[in-house]
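Trainee: Dropping in run_18.txt, with compact mmCIF, C-alpha atoms.
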```
# COMPACT_ATOMS: atom_id res chain seq x y z
CA MET A 1 88.33 14.14 -117.16
CA ALA A 2 90.40 15.21 -114.14
CA THR A 3 89.00 18.73 -114.34
CA LEU A 4 85.44 17.40 -114.46
CA LEU A 5 86.02 15.21 -111.41
CA VAL A 6 87.56 18.12 -109.50
CA ASP A 7 84.60 20.40 -110.29
CA GLN A 8 82.13 17.74 -109.20
CA SER A 9 84.08 17.21 -105.97
CA VAL A 10 84.14 20.97 -105.21
CA HIS A 11 80.43 21.35 -105.90
CA ALA A 12 79.63 18.30 -103.77
CA GLY A 13 81.63 19.80 -100.90
CA GLN A 14 79.73 23.08 -101.24
CA ARG A 15 76.43 21.22 -101.13
CA ARG A 16 77.51 19.29 -98.03
CA ARG A 17 78.57 22.53 -96.29
CA ALA A 18 75.28 24.20 -97.28
CA ALA A 19 73.33 21.25 -95.91
CA ARG A 20 75.19 21.57 -92.60
CA LEU A 21 74.47 25.28 -92.22
CA PRO A 22 71.09 24.95 -90.49
CA HIS A 23 72.73 22.57 -88.01
CA ASP A 24 76.03 24.34 -87.40
CA GLY A 25 75.22 28.03 -87.65
CA PRO A 26 76.98 30.74 -85.65
CA TRP A 27 78.43 30.15 -82.20
CA TRP A 28 75.39 31.43 -80.32
CA ALA A 29 73.16 28.84 -82.00
CA ARG A 30 75.19 25.83 -80.86
CA ARG A 31 73.45 23.82 -78.21
CA PRO A 32 75.55 24.56 -75.09
CA ALA A 33 75.67 28.32 -75.68
CA TRP A 34 72.01 28.39 -76.69
CA VAL A 35 70.83 26.55 -73.57
CA ALA A 36 73.06 28.67 -71.32
CA GLY A 37 71.67 31.85 -72.86
CA LEU A 38 68.08 30.69 -72.34
CA LEU A 39 68.76 29.79 -68.70
CA LEU A 40 70.38 33.18 -68.13
CA CYS A 41 67.33 34.91 -69.64
CA ALA A 42 65.04 32.81 -67.45
CA ALA A 43 66.95 33.81 -64.32
CA TRP A 44 66.87 37.48 -65.36
CA ALA A 45 63.11 37.38 -65.99
CA ALA A 46 62.44 35.51 -62.74
CA ALA A 47 64.00 38.38 -60.78
CA PHE A 48 61.37 40.90 -61.90
CA PRO A 49 58.47 39.48 -59.84
CA LEU A 50 60.74 39.66 -56.78
CA VAL A 51 62.32 43.10 -57.11
CA SER A 52 60.14 45.22 -59.42
CA GLU A 53 57.40 47.48 -58.10
CA LEU A 54 55.70 47.78 -61.51
CA GLU A 55 52.87 45.36 -62.19
CA THR A 56 53.64 45.22 -65.91
CA HIS A 57 57.23 44.15 -65.19
CA ARG A 58 56.09 41.47 -62.77
CA VAL A 59 53.61 40.04 -65.28
CA TRP A 60 56.25 39.99 -67.98
CA GLY A 61 58.76 38.37 -65.63
CA VAL A 62 56.47 35.46 -64.77
CA CYS A 63 55.50 34.75 -68.40
CA ALA A 64 59.02 35.19 -69.76
CA ALA A 65 60.66 33.05 -67.08
CA VAL A 66 58.31 30.15 -67.87
CA GLY A 67 58.87 30.61 -71.61
CA TYR A 68 62.66 30.73 -71.36
CA ALA A 69 62.78 27.72 -69.04
CA ALA A 70 60.54 25.69 -71.35
CA ALA A 71 62.69 26.73 -74.31
CA ALA A 72 65.87 25.60 -72.52
CA ALA A 73 64.33 22.24 -71.66
CA THR A 74 63.20 21.79 -75.26
CA ALA A 75 66.62 22.69 -76.58
CA CYS A 76 68.13 19.98 -74.38
CA GLY A 77 65.62 17.27 -75.22
CA LEU A 78 64.99 17.48 -78.97
CA PRO A 79 67.42 16.68 -81.77
CA ARG A 80 68.77 19.48 -83.93
CA PRO A 81 67.61 21.47 -85.86
CA ARG A 82 64.11 20.97 -84.44
CA ALA A 83 65.39 21.88 -80.98
CA ARG A 84 66.37 25.36 -82.10
CA THR A 85 63.08 26.03 -83.88
CA ALA A 86 60.92 24.71 -81.04
CA SER A 87 62.91 26.60 -78.39
CA LEU A 88 62.64 29.85 -80.40
CA VAL A 89 58.88 29.43 -80.67
CA LEU A 90 58.54 28.83 -76.93
CA ALA A 91 60.79 31.77 -76.07
CA LEU A 92 58.84 34.11 -78.34
CA ALA A 93 55.53 32.86 -76.97
CA GLY A 94 56.55 33.22 -73.34
CA ALA A 95 58.48 36.49 -73.59
CA VAL A 96 56.47 38.36 -76.25
CA VAL A 97 53.13 36.94 -77.41
CA VAL A 98 51.50 35.87 -74.13
CA PRO A 99 52.49 38.86 -71.95
CA LEU A 100 51.80 41.37 -74.73
CA LEU A 101 48.30 40.03 -75.38
CA TYR A 102 47.51 39.84 -71.68
CA LEU A 103 48.73 43.36 -70.93
CA VAL A 104 47.02 44.86 -73.97
CA LEU A 105 43.66 43.18 -73.41
CA THR A 106 43.66 44.06 -69.70
CA ALA A 107 44.74 47.67 -70.41
CA ARG A 108 47.89 47.40 -68.30
CA ALA A 109 50.84 49.46 -69.48
CA GLN A 110 53.54 51.83 -68.38
CA SER A 111 52.68 55.50 -68.29
CA GLU A 112 54.45 56.10 -71.64
CA VAL A 113 51.70 54.25 -73.50
CA GLY A 114 49.00 56.50 -72.08
CA VAL A 115 51.10 59.57 -72.89
CA ILE A 116 51.42 58.53 -76.54
CA GLU A 117 47.72 57.76 -76.86
CA ARG A 118 46.76 61.08 -75.26
CA SER A 119 49.14 62.94 -77.56
CA GLY A 120 47.47 61.28 -80.55
CA THR A 121 44.08 62.56 -79.39
CA LEU A 122 45.47 66.07 -78.86
CA LEU A 123 47.11 65.99 -82.28
CA LEU A 124 43.79 65.25 -83.96
CA GLN A 125 41.88 67.83 -81.93
CA HIS A 126 44.36 70.72 -81.65
CA ALA A 127 47.11 69.94 -84.23
CA THR A 128 49.68 69.79 -81.39
CA PRO A 129 50.33 66.91 -78.96
CA TYR A 130 51.25 69.09 -75.95
CA LEU A 131 49.02 70.27 -73.13
CA PRO A 132 49.50 74.01 -72.60
CA HIS A 133 49.78 73.91 -68.79
CA PRO A 134 50.79 70.45 -67.47
CA ARG A 135 50.63 70.08 -63.71
CA SER A 136 51.91 66.51 -63.16
CA VAL A 137 54.33 64.04 -64.70
CA GLY A 138 51.51 62.19 -66.46
CA GLU A 139 50.49 65.33 -68.33
CA TYR A 140 53.94 65.86 -69.84
CA THR A 141 54.73 64.64 -73.36
CA PRO A 142 58.55 64.35 -73.54
CA TYR A 143 58.51 63.31 -77.20
CA LEU A 144 58.58 65.17 -80.48
CA PRO A 145 55.33 65.43 -82.47
CA GLY A 146 56.04 62.39 -84.65
CA MET A 147 55.50 60.04 -81.70
CA ALA A 148 51.85 61.10 -81.53
CA VAL A 149 51.21 59.17 -84.75
CA PHE A 150 51.30 55.91 -82.77
CA GLY A 151 48.48 57.22 -80.57
CA VAL A 152 46.18 58.14 -83.44
CA PRO A 153 44.64 54.62 -83.79
CA ARG A 154 43.40 54.75 -80.19
CA ALA A 155 41.88 58.19 -80.77
CA GLY A 156 40.23 57.00 -83.97
CA LEU A 157 38.68 53.83 -82.53
CA GLY A 158 37.34 55.48 -79.41
CA ALA A 159 35.53 52.43 -77.96
CA ASP A 160 36.93 50.41 -75.06
CA ASP A 161 36.12 46.86 -76.16
CA TRP A 162 38.75 44.20 -76.76
CA VAL A 163 39.01 44.99 -80.46
CA ALA A 164 39.75 48.66 -79.77
CA ARG A 165 42.29 47.69 -77.11
CA LEU A 166 44.07 45.31 -79.43
CA LEU A 167 44.07 47.52 -82.54
CA GLY A 168 44.44 50.86 -80.78
CA ASP A 169 47.16 50.13 -78.25
CA ALA A 170 50.27 52.17 -79.04
CA ARG A 171 52.55 49.26 -78.11
CA VAL A 172 51.18 47.16 -80.97
CA TRP A 173 51.90 49.88 -83.53
CA CYS A 174 55.34 50.60 -82.07
CA ALA A 175 56.23 46.91 -82.32
CA ALA A 176 54.87 46.71 -85.88
CA ALA A 177 56.92 49.73 -86.93
CA PHE A 178 60.04 48.26 -85.31
CA LEU A 179 59.73 44.91 -87.06
CA MET A 180 58.83 46.48 -90.41
CA CYS A 181 61.90 48.72 -90.26
CA LEU A 182 64.19 45.80 -89.48
CA ARG A 183 62.64 43.86 -92.34
CA GLY A 184 63.01 46.84 -94.65
CA GLY A 185 66.65 47.27 -93.66
CA ARG A 186 67.42 43.66 -94.46
CA MET A 187 65.66 43.94 -97.83
CA MET A 188 67.60 47.13 -98.57
CA LEU A 189 70.88 45.34 -97.91
CA GLY A 190 69.81 42.65 -100.35
CA HIS A 191 71.37 39.39 -101.43
CA PRO A 192 75.06 39.10 -100.54
CA THR A 193 76.09 38.12 -104.08
CA ARG A 194 74.35 41.20 -105.53
CA ARG A 195 76.25 43.32 -103.03
CA THR A 196 79.61 42.15 -104.27
CA GLY A 197 78.64 41.95 -107.92
CA GLN A 198 79.45 38.25 -108.13
CA GLY A 199 77.19 35.51 -109.27
CA SER A 200 75.68 32.90 -107.01
CA SER A 201 77.62 29.80 -106.34
CA PRO A 202 76.33 26.53 -107.82
CA ALA A 203 74.91 25.41 -104.50
CA GLY A 204 73.65 28.84 -103.47
CA THR A 205 75.70 28.78 -100.28
CA PRO A 206 75.97 32.59 -99.73
CA SER A 207 72.23 33.15 -99.69
CA LEU A 208 71.66 30.03 -97.56
CA GLU A 209 74.28 31.12 -95.03
CA TYR A 210 72.84 34.64 -94.90
CA GLY A 211 69.28 33.40 -94.45
CA CYS A 212 70.16 30.80 -91.84
CA ARG A 213 72.03 33.45 -89.89
CA TYR A 214 69.50 36.28 -90.09
CA GLY A 215 66.18 34.48 -89.54
CA PRO A 216 66.94 32.67 -86.25
CA GLY A 217 69.15 35.55 -85.17
CA LEU A 218 66.38 38.12 -85.50
CA ALA A 219 63.91 35.84 -83.72
CA ALA A 220 66.39 35.37 -80.87
CA LEU A 221 66.94 39.13 -80.67
CA VAL A 222 63.20 39.84 -80.45
CA ALA A 223 62.75 37.09 -77.84
CA SER A 224 65.62 38.38 -75.70
CA PRO A 225 64.84 40.54 -72.66
CA VAL A 226 66.51 43.50 -74.36
CA VAL A 227 63.62 43.73 -76.85
CA ALA A 228 60.84 41.62 -75.34
CA LEU A 229 60.50 43.59 -72.10
CA PRO A 230 60.13 47.09 -73.63
CA LEU A 231 57.99 45.69 -76.43
CA CYS A 232 55.45 44.33 -73.94
CA VAL A 233 55.36 47.11 -71.35
CA SER A 234 55.94 50.33 -73.30
CA GLY A 235 57.54 50.03 -76.74
CA VAL A 236 58.30 53.74 -76.96
CA ASP A 237 61.94 53.40 -78.09
CA LEU A 238 61.42 50.56 -80.56
CA PRO A 239 60.27 52.64 -83.58
CA LEU A 240 63.25 54.95 -83.16
CA THR A 241 65.60 51.95 -83.03
CA GLY A 242 64.10 50.40 -86.14
CA LEU A 243 64.23 53.65 -88.09
CA CYS A 244 67.88 54.21 -87.18
CA ALA A 245 68.70 50.68 -88.35
CA LEU A 246 66.80 51.29 -91.59
CA ALA A 247 68.60 54.59 -92.16
CA LEU A 248 72.03 52.98 -91.72
CA ALA A 249 71.08 50.16 -94.09
CA CYS A 250 69.97 52.69 -96.72
CA ALA A 251 73.21 54.63 -96.27
CA ALA A 252 75.27 51.44 -96.65
CA ARG A 253 73.50 50.79 -99.96
CA GLY A 254 74.02 54.34 -101.22
CA ARG A 255 70.39 55.54 -101.09
CA PRO A 256 70.66 59.13 -99.80
CA VAL A 257 66.98 60.08 -100.22
CA ALA A 258 65.74 56.94 -98.47
CA THR A 259 68.35 57.50 -95.76
CA GLY A 260 67.14 61.07 -95.24
CA LEU A 261 63.48 60.02 -95.05
CA ALA A 262 64.22 57.33 -92.46
CA LEU A 263 66.30 59.77 -90.45
CA ALA A 264 63.56 62.41 -90.62
CA ALA A 265 61.03 59.91 -89.29
CA ALA A 266 63.37 58.91 -86.44
CA CYS A 267 64.36 62.48 -85.56
CA SER A 268 60.69 63.54 -85.39
CA LEU A 269 60.09 60.95 -82.64
CA LYS A 270 62.79 61.81 -80.08
CA TRP A 271 65.77 64.14 -80.12
CA THR A 272 68.02 61.24 -79.13
CA ALA A 273 67.94 60.13 -82.78
CA TRP A 274 69.68 63.28 -84.03
CA PRO A 275 73.23 61.83 -83.76
CA ALA A 276 72.22 59.27 -86.39
CA ILE A 277 72.26 62.05 -89.02
CA ALA A 278 75.99 62.64 -88.53
CA VAL A 279 76.83 58.92 -88.58
CA ALA A 280 74.78 58.21 -91.71
CA ALA A 281 76.25 61.26 -93.45
CA ALA A 282 79.79 60.12 -92.63
CA LEU A 283 79.04 56.65 -94.00
CA LEU A 284 77.62 58.07 -97.22
CA ALA A 285 80.51 60.53 -97.62
CA VAL A 286 83.24 57.92 -97.34
CA ALA A 287 81.46 55.33 -99.51
CA TYR A 288 79.53 57.38 -102.09
CA GLY A 289 80.84 60.95 -101.92
CA GLY A 290 80.00 64.24 -100.28
CA ARG A 291 77.05 64.98 -102.56
CA ALA A 292 75.18 61.88 -101.34
CA ALA A 293 75.89 62.87 -97.73
CA LEU A 294 74.57 66.38 -98.31
CA ARG A 295 71.40 65.07 -99.97
CA ALA A 296 70.67 62.73 -97.08
CA THR A 297 71.34 65.45 -94.52
CA GLY A 298 69.14 67.94 -96.35
CA VAL A 299 66.23 65.51 -96.62
CA ALA A 300 66.58 64.53 -92.95
CA VAL A 301 66.65 68.12 -91.69
CA ALA A 302 63.84 69.27 -93.99
CA GLY A 303 61.63 66.32 -93.05
CA THR A 304 62.19 66.82 -89.34
CA VAL A 305 61.40 70.52 -89.57
CA LEU A 306 58.27 69.78 -91.59
CA VAL A 307 56.95 67.48 -88.83
CA VAL A 308 58.02 69.55 -85.82
CA LEU A 309 57.32 73.06 -87.11
CA PRO A 310 53.48 73.07 -86.72
CA SER A 311 53.71 72.17 -83.03
CA ALA A 312 56.60 74.59 -82.53
CA LEU A 313 54.47 77.42 -83.92
CA LEU A 314 51.27 76.47 -82.07
CA SER A 315 52.82 75.71 -78.66
CA PRO A 316 56.50 76.77 -78.54
CA GLY A 317 56.70 77.13 -74.77
CA ALA A 318 55.11 73.74 -74.11
CA LEU A 319 57.42 72.04 -76.61
CA VAL A 320 60.57 73.49 -75.02
CA GLU A 321 59.39 72.74 -71.48
CA GLN A 322 58.23 69.18 -72.14
CA VAL A 323 60.70 67.98 -74.78
CA LEU A 324 63.94 69.70 -73.75
CA ALA A 325 63.74 70.94 -70.14
CA PHE A 326 61.78 68.05 -68.60
CA PRO A 327 63.95 65.12 -69.85
CA THR A 328 67.17 66.88 -68.79
CA GLY A 329 65.92 67.48 -65.26
CA ARG A 330 65.42 71.26 -65.60
CA GLY A 331 61.65 71.32 -65.96
CA ALA A 332 59.04 72.60 -63.55
CA VAL A 333 58.19 68.96 -62.70
CA GLN A 334 60.89 66.48 -61.75
CA THR A 335 61.41 63.67 -64.25
CA PRO A 336 60.93 60.10 -62.92
CA ALA A 337 64.04 58.90 -64.84
CA SER A 338 66.45 58.28 -61.97
CA SER A 339 68.71 55.32 -62.68
CA PRO A 340 72.09 55.51 -60.89
CA LEU A 341 74.04 56.41 -64.01
CA PRO A 342 77.06 58.75 -63.85
CA GLY A 343 75.26 61.76 -65.33
CA HIS A 344 72.32 61.45 -62.95
CA LEU A 345 74.60 61.04 -59.94
CA LEU A 346 76.42 64.22 -60.90
CA ALA A 347 73.19 66.14 -61.50
CA GLU A 348 72.00 65.24 -57.99
CA GLN A 349 74.86 67.28 -56.51
CA GLY A 350 73.18 70.56 -57.37
CA ARG A 351 73.57 73.11 -60.12
CA LEU A 352 77.33 72.69 -60.31
CA GLY A 353 76.97 68.93 -60.68
CA TRP A 354 74.33 69.38 -63.39
CA CYS A 355 76.66 71.70 -65.30
CA ALA A 356 79.48 69.16 -64.94
CA ALA A 357 77.26 66.39 -66.33
CA VAL A 358 76.24 68.56 -69.29
CA GLY A 359 79.88 69.52 -69.89
CA LEU A 360 80.98 65.90 -69.91
CA LEU A 361 78.08 65.07 -72.22
CA LEU A 362 79.18 67.75 -74.68
CA CYS A 363 82.79 66.58 -74.52
CA GLY A 364 81.71 63.01 -75.22
CA GLY A 365 79.61 64.15 -78.16
CA LEU A 366 82.51 66.16 -79.58
CA ALA A 367 84.82 63.14 -79.23
CA VAL A 368 82.41 60.91 -81.16
CA ALA A 369 81.97 63.63 -83.81
CA ALA A 370 85.75 63.96 -84.15
CA SER A 371 86.03 60.20 -84.66
CA LEU A 372 83.61 60.49 -87.59
CA VAL A 373 85.99 62.97 -89.23
CA VAL A 374 89.28 61.25 -88.38
CA ARG A 375 88.10 57.70 -89.09
CA PRO A 376 84.66 57.65 -90.74
CA PRO A 377 82.78 54.34 -90.82
CA SER A 378 83.07 52.41 -94.06
CA GLY A 379 80.25 49.90 -93.66
CA LEU A 380 77.03 49.06 -91.85
CA VAL A 381 78.65 47.37 -88.85
CA ALA A 382 81.16 50.18 -88.32
CA ALA A 383 78.41 52.81 -88.59
CA ALA A 384 76.17 50.95 -86.14
CA ASP A 385 79.06 50.61 -83.68
CA ARG A 386 79.84 54.33 -83.92
CA LEU A 387 76.21 55.35 -83.42
CA ALA A 388 75.90 52.91 -80.51
CA ALA A 389 79.02 54.40 -78.91
CA GLY A 390 77.62 57.92 -79.22
CA LEU A 391 74.27 56.90 -77.77
CA CYS A 392 75.93 55.09 -74.85
CA VAL A 393 77.90 58.24 -74.06
CA ALA A 394 74.71 60.30 -74.22
CA PHE A 395 72.68 57.95 -72.03
CA LEU A 396 75.42 57.43 -69.44
CA LEU A 397 76.23 61.13 -69.04
CA ALA A 398 72.73 62.59 -69.42
CA PRO A 399 71.49 64.37 -66.27
CA ALA A 400 68.42 62.12 -66.29
CA GLY A 401 68.51 58.65 -67.78
CA ARG A 402 67.40 55.05 -67.43
CA PHE A 403 69.09 51.71 -67.94
CA GLY A 404 66.36 50.85 -70.45
CA TYR A 405 67.72 53.46 -72.85
CA LEU A 406 70.83 51.31 -73.35
CA ALA A 407 68.71 48.73 -75.19
CA LEU A 408 68.79 50.98 -78.27
CA PRO A 409 72.57 50.75 -78.90
CA VAL A 410 72.58 47.04 -78.03
CA VAL A 411 69.92 46.29 -80.64
CA LEU A 412 71.74 48.36 -83.27
CA VAL A 413 75.03 46.54 -82.71
CA VAL A 414 73.49 43.05 -82.77
CA TRP A 415 71.15 43.70 -85.70
CA ALA A 416 73.91 45.15 -87.88
CA ARG A 417 75.99 42.01 -87.47
CA LEU A 418 73.01 39.79 -88.25
CA ALA A 419 71.83 41.74 -91.28
CA ASP A 420 75.08 42.68 -93.01
CA PRO A 421 75.73 40.14 -95.82
CA VAL A 422 79.28 41.36 -96.38
CA THR A 423 80.71 40.35 -93.00
CA PRO A 424 79.30 36.92 -92.11
CA PRO A 425 80.38 35.44 -88.79
CA PRO A 426 83.30 33.00 -88.84
CA ARG A 427 82.39 29.37 -89.37
CA ARG A 428 84.18 26.24 -88.38
CA PRO A 429 86.28 24.86 -91.24
CA ALA A 430 84.76 21.95 -93.09
CA PRO A 431 86.32 18.55 -92.31
CA PRO A 432 88.58 17.12 -95.02
CA PRO A 433 87.02 14.57 -97.37
CA ALA A 434 87.21 10.91 -96.45
CA ASP A 435 89.56 10.11 -99.33
CA ALA A 436 92.05 12.86 -98.41
CA PRO A 437 94.92 10.43 -97.49
CA ALA A 438 94.56 8.56 -100.77
CA ARG A 439 94.43 11.79 -102.79
CA ARG A 440 97.46 13.12 -100.92
CA ALA A 441 99.34 9.90 -101.72
CA ARG A 442 98.51 10.39 -105.41
CA GLY A 443 100.03 13.86 -105.26
CA GLY A 444 96.79 15.89 -105.17
CA CYS A 445 95.98 18.78 -102.88
CA PRO A 446 92.80 18.08 -100.90
CA LEU A 447 92.31 21.79 -100.07
CA SER A 448 92.49 23.17 -103.59
CA GLY A 449 90.97 20.16 -105.31
CA ARG A 450 93.82 20.06 -107.87
CA GLY A 451 95.43 16.77 -108.65
CA PRO A 452 98.29 15.79 -110.92
CA ALA A 453 97.86 16.78 -114.52
CA SER A 454 96.28 14.03 -116.57
```
Represent the structure contained in this file as structure tokens.
Mentor:
Amino acid sequence: MATLLVDQSVHAGQRRRAARLPHDGPWWARRPAWVAGLLLCAAWAAAFPLVSELETHRVWGVCAAVGYAAAAATACGLPRPRARTASLVLALAGAVVVPLLYLVLTARAQSEVGVIERSGTLLLQHATPYLPHPRSVGEYTPYLPGMAVFGVPRAGLGADDWVARLLGDARVWCAAAFLMCLRGGRMMLGHPTRRTGQGSSPAGTPSLEYGCRYGPGLAALVASPVVALPLCVSGVDLPLTGLCALALACAARGRPVATGLALAAACSLKWTAWPAIAVAAALLAVAYGGRAALRATGVAVAGTVLVVLPSALLSPGALVEQVLAFPTGRGAVQTPASSPLPGHLLAEQGRLGWCAAVGLLLCGGLAVAASLVVRPPSGLVAAADRLAAGLCVAFLLAPAGRFGYLALPVVLVVWARLADPVTPPPRRPAPPPADAPARRARGGCPLSGRGPAS
């Protein structure tokens, strides 16, 4: 009888904790931190109409500032958990849905969108996305051939009505690929109890905790300025980010072929994804052996070569000039990427400064590579952190870079912590039961649920 009562008490406590999960949640979802974060996002967005010279940024700033402010007011006025849901909806509407639809339907975008759509047309017509003799910045295509796939819908639709604008805009397909990759990565990681080989608890608390953490967390990440701004105005780096996240998730689950395919897709978009091959291989090697790492690396390299080789054979000079020389500041046309980052400041000092920036970049890359050998990552979060560190070094020390590039490592770090079911965020301890003093007086232990033997 005592054992039965103890089991019922434990299960009842688990059910009470599970019922509190949607209300408690991680620290960022608690009301004060949530409202403060929304107000900070609103202030950040409101600065764009005042300081930015780009029309797309100003439009996004106005819409996002109104959405974040409305979300903060809703979070303050409604009871939980409806406040969180309503504020998320308003933030997504103001920062993503409204500005994206307006910019797409009015054909307003950054120059990257037009470059991708033009490269899709060239890919269909000439089997290579590069113009042979570009004369201006707008005629350069600083991406690998895989990026042209997102411009193919525009080339196929052809017309300029609202349907063609909505279904052919490269930003829409970049955002769809990004979200699908994040969804696929979470599905690859699977249920937390399957990951550990243990059965579900009677109340199902692991899956409930995982779901309550990931769903609102992903929505908040997409609504944040880190993702919402590039998604609405260009979206060029989002597919690469999603594919890198998917590759790391596949590596964490021991799927070398799927890891290699995701890496091949990412590495055929931009050369900045190439460090992900080393990180994923290190994760596979330490968790599943060297053979799995070699399989993933072989598939990734072979897939990348298969995508890039046709363009390299048809237009080798244009590929080297536009993909390698132009982004590093050594092309015939000066790159517009000119954020005051350390590598760019060094490159502005002349040839010696450019060589110093490249030297520091190589040293940083070697240091990150050495860390993969000395202390390889053993899980998804560690691998995402290591890849993010390598990308931050590359973006900060590159001769030509932008602050917007740093969104890629930020998204990787945040998403890995949201999606990994093995390392849930710390939760506040549950309060002791109401009858704890009486049970303690009887000689029972309220924490373990064990009482005196009957």
Trainee: Counting all atoms listed in the file, which residue out of A:Leu283, A:Leu122, A:Leu218, A:Leu319 sits closest to Arg417 (chain A)?
Mentor: A:Leu218
Trainee: Can you work out the spacing between CA of Ala398 (chain A) and CA of Ala357 (chain A) in Å, to one decimal?
Mentor: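 Distance reported for this atom pair: 6.7 Å.
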Trainee: Do a neighbour search on Leu103 (chain A) at 10 Å with only C-alpha atoms, toss out local chain neighbours closer than 2 positions, and write the hits as a list in words.
Mentor: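 In the requested format, the answer is Glu55, Thr56, Val59, Trp60, Val98, Pro99, Leu100, Leu101, Leu105, Thr106, Ala107, Arg108, Ala109, Arg165, Leu166, Cys232 and Val233 of chain A.
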Trainee: When distances are computed from all atoms listed in the file, which of A:Trp34, A:Trp173, A:Phe326, A:Phe395 shows the smallest separation from Pro340 (chain A)?
Mentor: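 When distances to Pro340 (chain A) are compared using all atoms listed in the file, the smallest one comes from A:Phe395.
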Trainee: For Val172 (chain A), which residue among A:Val115, A:Met187, A:Leu40, A:Val236 is the nearest when counting all atoms listed in the file?
Mentor: A:Val236
Trainee: Using all atoms listed in the file, which of the listed residues (A:Ala83, A:Leu269, A:Val104, A:Cys63) sits closest to Gly146 (chain A)?
Mentor: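 With all atoms listed in the file as the atom set, the closest residue is A:Leu269.
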Trainee: I'd like to know which of A:Gly379, A:Pro399, A:Pro327, A:Pro134 is closest to Ala282 (chain A), using all atoms listed in the file.
Mentor: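 Of A:Gly379, A:Pro399, A:Pro327, A:Pro134, the one nearest Ala282 (chain A), counting all atoms listed in the file, is A:Gly379.
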Trainee: Quick check, in Å to one decimal: how far apart do CA of Leu189 (chain A) and CA of Thr297 (chain A) lie?
Mentor: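 Calculated distance between CA of Leu189 (chain A) and CA of Thr297 (chain A) is 20.4 Å.
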Trainee: Name the closest residue to Ala266 (chain A) among the candidates A:Leu231, A:Leu144, A:Ala220, A:Cys250; distances are taken between atoms, counting only C-alpha atoms.
Mentor: A:Leu144
Trainee: Please write out, as JSON, where the centre of an axis-aligned box around all listed atoms of region 241-252 of chain A lies and how long its edges are, in Å to one decimal, after adding 8 Å on each side.
Mentor:
```
{"center_x": 69.7, "center_y": 52.4, "center_z": -89.9, "size_x": 27.2, "size_y": 20.5, "size_z": 29.7}
```
Trainee: Step by step: start from the point (87.1, 59.6, -87.2) in the file's coordinates, keep every protein, DNA or RNA residue that has an atom no farther than 12 Å from it, count only C-alpha atoms, and write the set as a PyMOL selection string.
Mentor: chain A and resi 278-279+282-283+286+366-378+382-383+386
Trainee: Given the point (43.1, 48.2, -82.8) in the coordinates of this file, which residues lie within 12 Å, counting all atoms listed in the file, and how would they look as an mmCIF file with C-alpha atoms, in the coordinates of the input?
Mentor:
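Written out: selection.cif:
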```
data_model
loop_
_atom_site.group_PDB
_atom_site.id
_atom_site.type_symbol
_atom_site.label_atom_id
_atom_site.label_comp_id
_atom_site.auth_asym_id
_atom_site.auth_seq_id
_atom_site.Cartn_x
_atom_site.Cartn_y
_atom_site.Cartn_z
ATOM 1 C CA VAL A 104 47.020 44.860 -73.970
ATOM 2 C CA LEU A 105 43.660 43.180 -73.410
ATOM 3 C CA PHE A 150 51.300 55.910 -82.770
ATOM 4 C CA GLY A 151 48.480 57.220 -80.570
ATOM 5 C CA VAL A 152 46.180 58.140 -83.440
ATOM 6 C CA PRO A 153 44.640 54.620 -83.790
ATOM 7 C CA ARG A 154 43.400 54.750 -80.190
ATOM 8 C CA ALA A 155 41.880 58.190 -80.770
ATOM 9 C CA GLY A 156 40.230 57.000 -83.970
ATOM 10 C CA LEU A 157 38.680 53.830 -82.530
ATOM 11 C CA GLY A 158 37.340 55.480 -79.410
ATOM 12 C CA ALA A 159 35.530 52.430 -77.960
ATOM 13 C CA ASP A 160 36.930 50.410 -75.060
ATOM 14 C CA ASP A 161 36.120 46.860 -76.160
ATOM 15 C CA TRP A 162 38.750 44.200 -76.760
ATOM 16 C CA VAL A 163 39.010 44.990 -80.460
ATOM 17 C CA ALA A 164 39.750 48.660 -79.770
ATOM 18 C CA ARG A 165 42.290 47.690 -77.110
ATOM 19 C CA LEU A 166 44.070 45.310 -79.430
ATOM 20 C CA LEU A 167 44.070 47.520 -82.540
ATOM 21 C CA GLY A 168 44.440 50.860 -80.780
ATOM 22 C CA ASP A 169 47.160 50.130 -78.250
ATOM 23 C CA ALA A 170 50.270 52.170 -79.040
ATOM 24 C CA ARG A 171 52.550 49.260 -78.110
ATOM 25 C CA VAL A 172 51.180 47.160 -80.970
ATOM 26 C CA TRP A 173 51.900 49.880 -83.530
#
```
Trainee: Hey, can you check how far CA of Leu240 (chain A) sits from CA of Leu408 (chain A)?
Mentor: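 Spanning CA of Leu240 (chain A) to CA of Leu408 (chain A) is a straight-line distance of 8.4 Å.
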